[in-house]
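The structure appears right after this line, and notes come after that.
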Amino acid sequence: IGLKMEVGEGIYSGFDSSEGDFRIFVQRSFGTLGLGRDADGNPQFTIGANYSALNNMMLSMDYIVNSLNDAVEDQLRMSLSISF
């Protein structure tokens, strides 16, 4: 669950949360950069690509970099966003 708002022409910013993870992100039509914390409080950095599937649906694939936390491996996360 999250919230996204337009802060410039074609530039969006917002936050999202999933299973205890929380991040703040900046998004353009082609990709997303984000930073946040996982459920254990460890820092996470994300870089992702976006694909507009329909007028109000966007599919995103994010690579989660956990290099500051050796206990957790890097991950891929897929999400579906619906605008209304």
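Order determines the names: the first chain of the structure tokens is A, the second B, and so forth; residues in each chain are numbered 1 upward, and ligands are numbered 1 upward as they are shown.
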
I'd like the neighbourhood of A:Gly31 as number ranges by chain, where a residue qualifies if any of its atoms comes within 10 Å (using only C-alpha atoms), though same-chain residues fewer than 2 positions away should be ignored. A: 26-29, 33, 47-51, 60-62

Can you tell me which residues surround stretch 38-43 of chain A at a distance of at most 8 Å, considering only C-alpha atoms, apart from same-chain residues fewer than 6 positions away, and format the answer as a list in words?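 Neighbouring residues, sequence-local ones excluded: Glu19, Gly20, Asp21, Phe22, Asn66, Leu68 and Asn69 of chain A.
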
For A:Gln44, which residue among A:Met58, A:Asp74, A:Ser17, A:Ser79 is the nearest when counting only C-alpha atoms?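 Looking only at the distances to A:Gln44, the closest residue turns out to be A:Asp74.
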
Between A:Tyr63, A:Tyr12, A:Met5, A:Met57, which one has atoms that come closest to A:Leu35, using only C-alpha atoms?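 When distances to A:Leu35 are compared using only C-alpha atoms, the smallest one comes from A:Tyr63.
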
Report, in Å to a single decimal, how far apart atom CA of A:Leu59 and atom CA of A:Asp16 are.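 So the two atoms, atom CA of A:Asp16 and atom CA of A:Leu59, lie 14.7 Å apart.
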
Using backbone DSSP assignments, extract all strand (DSSP E or B) residues from chain A; output them as a PyMOL selection string. chain A and resi 2-8+11-18+21-27+31-37+43-52+57-65+75-82

Pick from A:Val65, A:Ile11, A:Thr32, A:Lys4, whichever lies nearest to A:Phe45 using only C-alpha atoms: A:Val65

Quote the spacing between atom CA of A:Leu3 and atom CA of A:Val72 in Å to one decimal place.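 Computed distance, atom CA of A:Leu3 to atom CA of A:Val72, equals 26.6 Å.
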
Proximity to A:Ser81 - best of A:Ile1, A:Gly10, A:Phe15, A:Gly36, only C-alpha atoms: A:Ile1

Under the rule that only C-alpha atoms are counted, which of A:Ile82, A:Asp70, A:Arg23, A:Arg37 is the nearest residue to A:Leu54?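 Closest candidate: A:Ile82.
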
To one decimal place in Å, what is the distance between atom CA of A:Ala53 and atom CA of A:Gly14?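 Separation between atom CA of A:Ala53 and atom CA of A:Gly14: 20.4 Å.
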